[in-house]
file target34.cif (mmCIF, C-alpha atoms)
data_entry
loop_
_atom_site.label_atom_id
_atom_site.label_comp_id
_atom_site.auth_asym_id
_atom_site.auth_seq_id
_atom_site.Cartn_x
_atom_site.Cartn_y
_atom_site.Cartn_z
CA MET F 17 -53.56 -2.75 17.71
CA THR F 18 -56.51 -0.58 16.78
CA THR F 19 -58.98 -3.33 17.63
CA MET F 20 -57.45 -3.60 21.09
CA ALA F 21 -57.84 0.13 21.55
CA THR F 22 -61.52 0.02 20.72
CA THR F 23 -62.51 -3.10 22.62
CA GLU F 24 -60.61 -2.47 25.85
CA SER F 25 -60.74 0.38 28.28
CA ARG F 26 -57.59 2.47 28.63
CA TRP F 27 -57.42 1.37 32.28
CA THR F 28 -57.43 -2.38 31.82
CA GLY F 29 -53.92 -2.53 30.41
CA GLY F 30 -52.85 -4.12 27.17
CA LEU F 31 -52.33 -0.81 25.38
CA SER F 32 -48.89 0.15 24.13
CA PRO F 33 -47.85 3.73 24.77
CA PHE F 34 -47.51 5.60 21.46
CA GLY F 35 -48.59 2.44 19.65
CA MET F 36 -45.11 0.96 19.63
CA SER F 37 -43.49 -2.12 21.12
CA TRP F 38 -42.14 -1.79 24.65
CA GLN F 39 -38.65 -2.72 23.42
CA LYS F 40 -38.63 0.20 21.01
CA LEU F 41 -40.03 2.65 23.58
CA MET F 42 -37.40 1.59 26.12
CA MET F 43 -34.64 1.99 23.54
CA TRP F 44 -35.87 5.53 22.88
CA TRP F 45 -35.84 6.25 26.62
CA PHE F 46 -32.31 4.94 26.79
CA ILE F 47 -31.36 7.12 23.83
CA VAL F 48 -32.74 10.24 25.59
CA THR F 49 -30.68 9.54 28.72
CA ASP F 50 -27.60 8.60 26.68
CA ALA F 51 -27.94 11.78 24.63
CA LEU F 52 -27.82 13.70 27.91
CA LEU F 53 -24.64 11.87 28.90
CA PHE F 54 -22.92 13.06 25.75
CA ALA F 55 -24.54 16.50 26.02
CA GLY F 56 -22.92 16.74 29.44
CA PHE F 57 -19.52 15.69 28.06
CA LEU F 58 -19.65 18.07 25.11
CA GLY F 59 -21.07 20.86 27.27
CA GLY F 60 -18.26 20.44 29.78
CA TYR F 61 -15.76 20.31 26.94
CA GLY F 62 -17.12 23.52 25.39
CA PHE F 63 -17.09 25.18 28.79
CA SER F 64 -13.43 24.24 29.36
CA ARG F 65 -12.35 25.14 25.87
CA LEU F 66 -14.02 28.57 25.89
CA GLY F 67 -12.27 29.39 29.15
CA SER F 68 -8.89 28.12 27.98
CA ALA F 69 -6.11 30.33 26.64
CA ASN F 70 -4.01 27.57 25.05
CA TRP F 71 -6.39 24.97 23.67
CA PRO F 72 -4.55 23.08 20.88
CA ALA F 73 -5.85 23.28 17.31
CA PRO F 74 -7.21 19.77 16.62
CA SER F 75 -6.01 19.92 13.00
CA LYS F 76 -2.42 20.22 14.30
CA VAL F 77 -2.81 17.09 16.43
CA PHE F 78 -5.01 14.77 14.38
CA SER F 79 -4.97 13.68 10.76
CA MET F 80 -8.10 15.25 9.27
CA PRO F 81 -8.23 13.00 6.16
CA PHE F 82 -8.04 9.96 8.45
CA LEU F 83 -10.85 11.29 10.66
CA THR F 84 -12.96 12.08 7.61
CA VAL F 85 -12.61 8.49 6.42
CA MET F 86 -13.58 7.28 9.92
CA THR F 87 -16.68 9.46 9.75
CA PHE F 88 -17.53 8.17 6.27
CA VAL F 89 -17.23 4.59 7.49
CA LEU F 90 -19.60 5.21 10.41
CA ILE F 91 -22.16 7.08 8.27
CA SER F 92 -22.02 4.31 5.66
CA SER F 93 -22.60 1.65 8.33
CA SER F 94 -25.60 3.64 9.51
CA ALA F 95 -27.00 3.61 5.95
CA THR F 96 -26.54 -0.16 5.66
CA MET F 97 -28.22 -0.57 9.07
CA ALA F 98 -31.23 1.41 7.84
CA CYS F 99 -31.37 -1.00 4.87
CA ALA F 100 -31.18 -3.98 7.26
CA VAL F 101 -34.20 -2.64 9.17
CA ALA F 102 -36.10 -2.14 5.90
CA ALA F 103 -35.18 -5.69 4.83
CA ALA F 104 -36.37 -7.06 8.18
CA LYS F 105 -39.72 -5.29 7.78
CA ALA F 106 -40.02 -6.88 4.32
CA ARG F 107 -39.15 -10.36 5.70
CA ASP F 108 -36.10 -10.63 3.43
CA ARG F 109 -33.87 -12.80 5.61
CA ALA F 110 -30.90 -12.95 3.22
CA ALA F 111 -30.87 -9.16 2.90
CA VAL F 112 -31.04 -8.74 6.70
CA ALA F 113 -28.02 -11.02 7.08
CA ARG F 114 -26.13 -9.23 4.30
CA PHE F 115 -26.83 -5.69 5.51
CA THR F 116 -26.13 -6.44 9.20
CA ALA F 117 -22.85 -8.09 8.17
CA LEU F 118 -21.92 -4.94 6.22
CA THR F 119 -22.86 -2.75 9.20
CA LEU F 120 -20.81 -4.99 11.47
CA LEU F 121 -17.84 -4.63 9.11
CA GLY F 122 -18.19 -0.84 9.22
CA GLY F 123 -18.26 -0.91 13.02
CA VAL F 124 -15.14 -3.05 13.20
CA ILE F 125 -13.27 -0.81 10.71
CA PHE F 126 -14.28 2.29 12.70
CA LEU F 127 -13.06 0.72 15.97
CA SER F 128 -9.78 -0.35 14.35
CA MET F 129 -9.22 3.18 13.06
CA GLN F 130 -9.99 4.58 16.49
CA ALA F 131 -7.48 2.18 18.05
CA TRP F 132 -4.90 3.44 15.53
CA GLU F 133 -5.74 7.04 16.41
CA TRP F 134 -5.43 6.38 20.14
CA ALA F 135 -2.11 4.62 19.59
CA HIS F 136 -0.77 7.66 17.71
CA PHE F 137 -2.15 10.12 20.24
CA ILE F 138 -0.52 8.21 23.09
CA GLY F 139 2.66 7.65 21.07
CA ASP F 140 2.94 11.41 20.50
CA GLY F 141 2.74 12.05 24.23
CA GLY F 142 -1.01 12.58 24.74
CA ARG F 143 -2.13 11.59 28.26
CA PRO F 144 -5.35 12.10 30.26
CA ALA F 145 -3.50 14.49 32.57
CA GLY F 146 -1.31 16.30 30.07
CA ASN F 147 -0.14 16.58 26.48
CA PRO F 148 2.62 18.30 24.50
CA TRP F 149 0.25 20.58 22.55
CA GLY F 150 -1.33 22.83 25.18
CA ASP F 151 -4.13 22.79 27.77
CA ALA F 152 -3.93 19.59 29.84
CA ARG F 153 -7.71 19.16 29.68
CA PHE F 154 -7.44 18.60 25.91
CA GLY F 155 -6.13 15.09 26.55
CA SER F 156 -8.71 14.44 29.28
CA TYR F 157 -11.61 15.30 27.00
CA PHE F 158 -10.11 13.38 24.10
CA PHE F 159 -9.98 10.14 26.09
CA LEU F 160 -13.30 10.77 27.85
CA VAL F 161 -15.36 11.63 24.78
CA THR F 162 -13.84 9.28 22.19
CA GLY F 163 -13.48 6.55 24.83
CA PHE F 164 -17.15 6.66 25.77
CA HIS F 165 -18.18 6.81 22.13
CA GLY F 166 -15.84 3.96 21.18
CA THR F 167 -17.29 1.85 24.01
CA HIS F 168 -20.74 2.50 22.57
CA VAL F 169 -19.52 1.37 19.14
CA LEU F 170 -17.98 -1.75 20.70
CA LEU F 171 -21.28 -2.58 22.40
CA GLY F 172 -23.07 -1.92 19.10
CA VAL F 173 -20.73 -4.37 17.35
CA VAL F 174 -21.65 -7.05 19.91
CA ILE F 175 -25.38 -6.34 19.41
CA LEU F 176 -24.96 -6.43 15.62
CA LEU F 177 -23.07 -9.71 15.83
CA ILE F 178 -26.03 -11.21 17.72
CA VAL F 179 -28.50 -9.79 15.17
CA ALA F 180 -26.40 -11.07 12.25
CA LEU F 181 -26.14 -14.57 13.74
CA ARG F 182 -29.87 -14.64 14.45
CA ALA F 183 -30.58 -13.54 10.90
CA ARG F 184 -28.39 -16.36 9.56
CA LYS F 185 -30.38 -18.88 11.61
CA ASP F 186 -33.65 -17.18 10.66
CA ARG F 187 -34.37 -16.42 14.31
CA TYR F 188 -34.51 -12.64 13.98
CA THR F 189 -37.57 -10.46 14.55
CA ASP F 190 -38.15 -7.23 12.66
CA ASN F 191 -38.71 -5.55 16.03
CA GLY F 192 -35.32 -6.78 17.29
CA VAL F 193 -33.50 -5.57 14.19
CA GLU F 194 -35.26 -2.20 14.41
CA VAL F 195 -34.31 -1.69 18.08
CA ALA F 196 -30.68 -2.64 17.36
CA GLY F 197 -30.81 -0.21 14.43
CA LEU F 198 -32.04 2.63 16.65
CA TYR F 199 -29.05 2.13 18.91
CA TRP F 200 -26.61 2.04 15.99
CA HIS F 201 -28.03 5.20 14.39
CA PHE F 202 -27.82 6.95 17.74
CA VAL F 203 -24.11 6.08 18.01
CA ASP F 204 -23.68 7.57 14.53
CA LEU F 205 -25.67 10.65 15.55
CA VAL F 206 -23.44 11.22 18.59
CA TRP F 207 -20.36 11.00 16.37
CA VAL F 208 -21.79 13.82 14.21
CA PHE F 209 -21.51 16.11 17.22
CA ILE F 210 -18.17 14.76 18.45
CA PHE F 211 -16.65 15.14 14.98
CA GLY F 212 -18.05 18.64 14.60
CA CYS F 213 -17.45 19.97 18.13
CA PHE F 214 -14.24 18.24 19.12
CA TYR F 215 -12.31 17.81 15.86
CA LEU F 216 -13.55 20.44 13.43
CA ILE F 217 -14.25 23.60 15.44
CA MET C 1 -34.86 -9.42 21.51
CA THR C 2 -36.60 -12.81 21.51
CA ASN C 3 -39.98 -11.34 22.38
CA ASP C 4 -42.09 -11.08 19.30
CA THR C 5 -45.35 -9.93 20.80
CA GLY C 6 -44.94 -6.20 20.29
CA PRO C 7 -47.48 -4.42 18.15
CA THR C 8 -44.87 -3.38 15.57
CA SER C 9 -44.05 -7.01 14.78
CA ALA C 10 -47.45 -7.57 13.19
CA PRO C 11 -46.69 -8.67 9.62
CA SER C 12 -49.71 -6.97 8.07
CA THR C 13 -47.89 -3.74 7.20
CA ALA C 14 -44.78 -5.33 5.66
CA PRO C 15 -44.20 -4.07 2.11
CA ALA C 16 -43.56 -6.61 -0.61
CA THR C 17 -40.20 -5.13 -1.56
CA PRO C 18 -38.15 -2.88 0.70
CA HIS C 19 -37.27 0.58 -0.59
CA TYR C 20 -33.55 1.07 -0.10
CA GLY C 21 -33.28 4.06 -2.43
CA VAL C 22 -34.19 6.66 0.17
CA TYR C 23 -31.45 5.43 2.53
CA PHE C 24 -28.80 5.70 -0.15
CA ARG C 25 -29.95 9.22 -1.02
CA ILE C 26 -29.76 10.26 2.67
CA TRP C 27 -26.35 8.57 2.84
CA GLY C 28 -25.15 10.64 -0.12
CA VAL C 29 -26.43 13.88 1.41
CA LEU C 30 -24.74 13.06 4.75
CA LEU C 31 -21.42 12.44 2.98
CA VAL C 32 -21.68 15.70 1.03
CA ILE C 33 -22.44 17.71 4.21
CA THR C 34 -19.51 16.02 5.99
CA LEU C 35 -17.16 16.90 3.11
CA LEU C 36 -18.39 20.50 3.12
CA MET C 37 -17.79 20.72 6.89
CA VAL C 38 -14.27 19.29 6.61
CA LEU C 39 -13.24 21.37 3.60
CA THR C 40 -14.61 24.75 4.70
CA HIS C 41 -13.85 24.53 8.44
CA ASN C 42 -16.18 27.49 8.81
CA PRO C 43 -18.35 27.68 11.98
CA ALA C 44 -21.11 29.16 9.82
CA ILE C 45 -21.14 25.82 7.94
CA LEU C 46 -20.23 23.54 10.86
CA LEU C 47 -23.16 24.31 13.17
CA PRO C 48 -25.95 24.10 10.56
CA GLY C 49 -24.10 21.09 9.09
CA MET C 50 -24.20 19.20 12.38
CA ALA C 51 -27.86 20.12 12.91
CA ALA C 52 -28.76 19.01 9.38
CA LYS C 53 -26.93 15.69 9.73
CA ALA C 54 -28.51 14.97 13.12
CA THR C 55 -31.97 15.80 11.76
CA LEU C 56 -31.53 13.56 8.71
CA ILE C 57 -30.32 10.64 10.84
CA ALA C 58 -33.10 11.02 13.42
CA LEU C 59 -35.96 11.54 10.97
CA TRP C 60 -35.05 9.08 8.22
CA PHE C 61 -32.60 6.49 9.59
CA MET C 62 -34.30 6.30 13.00
CA HIS C 63 -37.72 6.67 11.34
CA LEU C 64 -38.81 9.39 13.73
CA LYS C 65 -40.76 10.99 10.88
CA ASP C 66 -42.94 7.86 10.67
CA GLU C 67 -43.80 7.90 14.37
CA ARG C 68 -46.82 9.56 15.90
CA LYS C 69 -46.58 13.35 16.25
CA ASP C 70 -46.98 13.20 20.03
CA PHE C 71 -44.08 10.76 20.24
CA ILE C 72 -41.79 13.03 18.19
CA PHE C 73 -42.68 15.92 20.48
CA TYR C 74 -42.20 13.73 23.57
CA ILE C 75 -38.68 12.62 22.57
CA ALA C 76 -37.49 15.93 21.10
CA SER C 77 -38.80 18.08 23.97
CA SER C 78 -37.24 15.73 26.58
CA ILE C 79 -33.79 16.03 25.04
CA VAL C 80 -34.02 19.78 24.39
CA ILE C 81 -35.43 20.79 27.80
CA LEU C 82 -33.10 18.54 29.81
CA SER C 83 -30.05 19.64 27.78
CA LEU C 84 -30.95 23.30 28.34
CA ILE C 85 -31.16 22.69 32.11
CA LEU C 86 -27.81 20.91 31.93
CA PHE C 87 -26.15 23.79 30.07
CA ALA C 88 -27.87 26.47 32.20
CA LEU C 89 -26.47 24.88 35.36
CA MET C 90 -22.94 25.45 34.03
CA VAL C 91 -23.40 29.23 33.92
CA PRO C 92 -22.91 29.81 37.69
CA ASP C 93 -19.65 27.85 37.45
CA GLY C 94 -18.51 30.13 34.65
CA LYS C 95 -19.24 33.21 36.73
CA ALA C 96 -17.29 31.76 39.65
CA MET C 97 -14.18 31.32 37.53
#

call {"tool": "encode", "arguments": {"input": "target34.cif", "output": "structure tokens"}}
result
Amino acid sequence: MTTMATTESRWTGGLSPFGMSWQKLMMWWFIVTDALLFAGFLGGYGFSRLGSANWPAPSKVFSMPFLTVMTFVLISSSATMACAVAAAKARDRAAVARFTALTLLGGVIFLSMQAWEWAHFIGDGGRPAGNPWGDARFGSYFFLVTGFHGTHVLLGVVILLIVALRARKDRYTDNGVEVAGLYWHFVDLVWVFIFGCFYLI
Amino acid sequence: MTNDTGPTSAPSTAPATPHYGVYFRIWGVLLVITLLMVLTHNPAILLPGMAAKATLIALWFMHLKDERKDFIFYIASSIVILSLILFALMVPDGKAM
């Protein structure tokens, strides 16, 4: 990397911006745009909620202990993913397979819990266009925000499954694991704001 | 993900044994902050709590702290400036209501 920088002119190509792989740089670009997607959702939600006279108290609608466990599961899966990336950097194939499998398990548990939560919300009368608790937009934002986040988790589970299978066959690259990890951490990071802004405030 | 020609895939910098300890410590801190947020339900805790969690995840889990300074500035400023534009554009709608 440094030898390339010294032997080639900046204009002849072959240099990586910021000294990182193009896959990683493109994942970061994706993360910036995806962060703006959720910033738009949460901004719109905050806008609607501040202007609403009868926004329901989330603690009256959702089970807070259940949501806290969901959050713990996602944070824990993010920690195991960080370990998987560290294991990949250290060329420890067995550890990569073990930690990605754990992360995958966390993702599946989180999705299952979200499915349970949706089932209860719908069972209690929550709809995108109305709900029994108050402002109709409450239901819209619930499905929009948790739906988009859940879809991200689902996609992450698919990516992790591929990484885990590749690790089992010893066909993984540390770069590939790291890029998958960036995506997974970002999904966890978004949940921090959804949990705080939508459920806790 | 099959391409292995990126500069970060050079094996020269791989440590002999990975250090997992730091990730478990960050994990513990994240869990404690989450518990504090849930138990207190106080906006004075919630907002700094969210900011602290996001910072820990971005810097340690996503390894942003190990990237070049110009890259950290590049990513952070993009998100902050574009989000501010996004939120600022909602203000006229609020006034119209």

call {"tool": "resolve_selection", "arguments": {"input": "target34.cif", "expression": "the PyMOL selection byres ((chain C and resi 19) around 12)", "output": "list of chain:residue names"}}
result
F:Ala98, F:Cys99, F:Ala100, F:Val101, F:Ala102, F:Ala103, F:Ala104, F:Lys105, F:Ala106, F:Asp108, C:Ala14, C:Pro15, C:Ala16, C:Thr17, C:Pro18, C:Tyr20, C:Gly21, C:Val22, C:Tyr23, C:Phe24, C:Arg25

call {"tool": "write_last_selection", "arguments": {"input": "target34.cif", "atoms": "C-alpha atoms", "output": "compact mmCIF listing (two decimals), in the coordinates of the input"}}
result
# COMPACT_ATOMS: atom_id res chain seq x y z
CA ALA F 98 -31.23 1.41 7.84
CA CYS F 99 -31.37 -1.00 4.87
CA ALA F 100 -31.18 -3.98 7.26
CA VAL F 101 -34.20 -2.64 9.17
CA ALA F 102 -36.10 -2.14 5.90
CA ALA F 103 -35.18 -5.69 4.83
CA ALA F 104 -36.37 -7.06 8.18
CA LYS F 105 -39.72 -5.29 7.78
CA ALA F 106 -40.02 -6.88 4.32
CA ASP F 108 -36.10 -10.63 3.43
CA ALA C 14 -44.78 -5.33 5.66
CA PRO C 15 -44.20 -4.07 2.11
CA ALA C 16 -43.56 -6.61 -0.61
CA THR C 17 -40.20 -5.13 -1.56
CA PRO C 18 -38.15 -2.88 0.70
CA TYR C 20 -33.55 1.07 -0.10
CA GLY C 21 -33.28 4.06 -2.43
CA VAL C 22 -34.19 6.66 0.17
CA TYR C 23 -31.45 5.43 2.53
CA PHE C 24 -28.80 5.70 -0.15
CA ARG C 25 -29.95 9.22 -1.02

call {"tool": "resolve_selection", "arguments": {"input": "target34.cif", "expression": "the PyMOL selection byres ((chain C and resi 32-48) around 10)", "output": "PDB file with C-alpha atoms, keeping the file's coordinate frame"}}
result
ATOM      1  CA  MET F  80      -8.100  15.250   9.270  1.00  0.00           C
ATOM      2  CA  PRO F  81      -8.230  13.000   6.160  1.00  0.00           C
ATOM      3  CA  LEU F  83     -10.850  11.290  10.660  1.00  0.00           C
ATOM      4  CA  THR F  84     -12.960  12.080   7.610  1.00  0.00           C
ATOM      5  CA  THR F  87     -16.680   9.460   9.750  1.00  0.00           C
ATOM      6  CA  PHE F  88     -17.530   8.170   6.270  1.00  0.00           C
ATOM      7  CA  ILE F  91     -22.160   7.080   8.270  1.00  0.00           C
ATOM      8  CA  VAL F 208     -21.790  13.820  14.210  1.00  0.00           C
ATOM      9  CA  PHE F 209     -21.510  16.110  17.220  1.00  0.00           C
ATOM     10  CA  PHE F 211     -16.650  15.140  14.980  1.00  0.00           C
ATOM     11  CA  GLY F 212     -18.050  18.640  14.600  1.00  0.00           C
ATOM     12  CA  CYS F 213     -17.450  19.970  18.130  1.00  0.00           C
ATOM     13  CA  TYR F 215     -12.310  17.810  15.860  1.00  0.00           C
ATOM     14  CA  LEU F 216     -13.550  20.440  13.430  1.00  0.00           C
ATOM     15  CA  ILE F 217     -14.250  23.600  15.440  1.00  0.00           C
TER      16      ILE F 217
ATOM     17  CA  ILE C  26     -29.760  10.260   2.670  1.00  0.00           C
ATOM     18  CA  TRP C  27     -26.350   8.570   2.840  1.00  0.00           C
ATOM     19  CA  GLY C  28     -25.150  10.640  -0.120  1.00  0.00           C
ATOM     20  CA  VAL C  29     -26.430  13.880   1.410  1.00  0.00           C
ATOM     21  CA  LEU C  30     -24.740  13.060   4.750  1.00  0.00           C
ATOM     22  CA  LEU C  31     -21.420  12.440   2.980  1.00  0.00           C
ATOM     23  CA  GLY C  49     -24.100  21.090   9.090  1.00  0.00           C
ATOM     24  CA  MET C  50     -24.200  19.200  12.380  1.00  0.00           C
ATOM     25  CA  ALA C  51     -27.860  20.120  12.910  1.00  0.00           C
ATOM     26  CA  ALA C  52     -28.760  19.010   9.380  1.00  0.00           C
ATOM     27  CA  LYS C  53     -26.930  15.690   9.730  1.00  0.00           C
ATOM     28  CA  ALA C  54     -28.510  14.970  13.120  1.00  0.00           C
TER      29      ALA C  54
END

call {"tool": "resolve_selection", "arguments": {"input": "target34.cif", "expression": "the PyMOL selection byres ((chain F and resi 52) around 12)", "output": "ChimeraX atom specification"}}
result
/F:45-51,53-60,206 /C:78-87

call {"tool": "atom_distance", "arguments": {"input": "target34.cif", "atom1": "CA of Trp60 in chain C", "atom2": "CA of Trp38 in chain F"}}
result
20.9 Å

call {"tool": "residues_around", "arguments": {"input": "target34.cif", "residues": "range 182-186 of chain F", "least_positions_apart": "6", "cutoff": "7 Å", "atoms": "all atoms listed in the file", "output": "ChimeraX atom specification"}}
result
/F:109,112-113

call {"tool": "closest_residue", "arguments": {"input": "target34.cif", "among": "F:Leu90, F:Ile175, F:Val193, F:Leu181", "to": "Gly123 in chain F", "atoms": "only C-alpha atoms"}}
result
F:Leu90

call {"tool": "atom_distance", "arguments": {"input": "target34.cif", "atom1": "CA of Met86 in chain F", "atom2": "CA of Ser128 in chain F"}}
result
9.6 Å

call {"tool": "atom_distance", "arguments": {"input": "target34.cif", "atom1": "CA of Leu176 in chain F", "atom2": "CA of Gly122 in chain F"}}
result
10.9 Å

call {"tool": "closest_residue", "arguments": {"input": "target34.cif", "among": "F:Ser37, F:Asn70, F:Thr116, F:Asn147", "to": "chain C", "atoms": "only C-alpha atoms"}}
result
F:Ser37

call {"tool": "residues_around", "arguments": {"input": "target34.cif", "residues": "range 157-169 of chain F", "least_positions_apart": "4", "cutoff": "10 Å", "atoms": "only C-alpha atoms", "output": "PDB file with C-alpha atoms, in the coordinates of the input"}}
result
ATOM      1  CA  LEU F  53     -24.640  11.870  28.900  1.00  0.00           C
ATOM      2  CA  PHE F  54     -22.920  13.060  25.750  1.00  0.00           C
ATOM      3  CA  PHE F  57     -19.520  15.690  28.060  1.00  0.00           C
ATOM      4  CA  LEU F  58     -19.650  18.070  25.110  1.00  0.00           C
ATOM      5  CA  GLY F  60     -18.260  20.440  29.780  1.00  0.00           C
ATOM      6  CA  TYR F  61     -15.760  20.310  26.940  1.00  0.00           C
ATOM      7  CA  SER F  64     -13.430  24.240  29.360  1.00  0.00           C
ATOM      8  CA  ARG F  65     -12.350  25.140  25.870  1.00  0.00           C
ATOM      9  CA  LEU F  90     -19.600   5.210  10.410  1.00  0.00           C
ATOM     10  CA  GLY F 123     -18.260  -0.910  13.020  1.00  0.00           C
ATOM     11  CA  VAL F 124     -15.140  -3.050  13.200  1.00  0.00           C
ATOM     12  CA  PHE F 126     -14.280   2.290  12.700  1.00  0.00           C
ATOM     13  CA  LEU F 127     -13.060   0.720  15.970  1.00  0.00           C
ATOM     14  CA  GLN F 130      -9.990   4.580  16.490  1.00  0.00           C
ATOM     15  CA  ALA F 131      -7.480   2.180  18.050  1.00  0.00           C
ATOM     16  CA  TRP F 134      -5.430   6.380  20.140  1.00  0.00           C
ATOM     17  CA  PHE F 137      -2.150  10.120  20.240  1.00  0.00           C
ATOM     18  CA  GLY F 142      -1.010  12.580  24.740  1.00  0.00           C
ATOM     19  CA  ARG F 143      -2.130  11.590  28.260  1.00  0.00           C
ATOM     20  CA  PRO F 144      -5.350  12.100  30.260  1.00  0.00           C
ATOM     21  CA  ALA F 145      -3.500  14.490  32.570  1.00  0.00           C
ATOM     22  CA  ALA F 152      -3.930  19.590  29.840  1.00  0.00           C
ATOM     23  CA  ARG F 153      -7.710  19.160  29.680  1.00  0.00           C
ATOM     24  CA  VAL F 173     -20.730  -4.370  17.350  1.00  0.00           C
ATOM     25  CA  VAL F 174     -21.650  -7.050  19.910  1.00  0.00           C
ATOM     26  CA  ILE F 175     -25.380  -6.340  19.410  1.00  0.00           C
ATOM     27  CA  TYR F 199     -29.050   2.130  18.910  1.00  0.00           C
ATOM     28  CA  TRP F 200     -26.610   2.040  15.990  1.00  0.00           C
ATOM     29  CA  PHE F 202     -27.820   6.950  17.740  1.00  0.00           C
ATOM     30  CA  VAL F 203     -24.110   6.080  18.010  1.00  0.00           C
ATOM     31  CA  ASP F 204     -23.680   7.570  14.530  1.00  0.00           C
ATOM     32  CA  VAL F 206     -23.440  11.220  18.590  1.00  0.00           C
ATOM     33  CA  TRP F 207     -20.360  11.000  16.370  1.00  0.00           C
ATOM     34  CA  ILE F 210     -18.170  14.760  18.450  1.00  0.00           C
ATOM     35  CA  PHE F 211     -16.650  15.140  14.980  1.00  0.00           C
ATOM     36  CA  PHE F 214     -14.240  18.240  19.120  1.00  0.00           C
ATOM     37  CA  TYR F 215     -12.310  17.810  15.860  1.00  0.00           C
TER      38      TYR F 215
END

call {"tool": "closest_residue", "arguments": {"input": "target34.cif", "among": "F:Met36, F:Val179, F:Met42, F:Leu31", "to": "chain C", "atoms": "only C-alpha atoms"}}
result
F:Met36

call {"tool": "closest_residue", "arguments": {"input": "target34.cif", "among": "C:Ile72, C:Ala88, C:Ile57, C:Ala96", "to": "chain F", "atoms": "all atoms listed in the file"}}
result
C:Ile57

call {"tool": "closest_residue", "arguments": {"input": "target34.cif", "among": "F:Lys76, F:His136, F:Arg107, F:Arg114", "to": "chain C", "atoms": "all atoms listed in the file"}}
result
F:Arg107

call {"tool": "closest_residue", "arguments": {"input": "target34.cif", "among": "F:Ala111, F:Val77, F:Ala117, F:Ile125", "to": "chain C", "atoms": "only C-alpha atoms"}}
result
F:Ala111
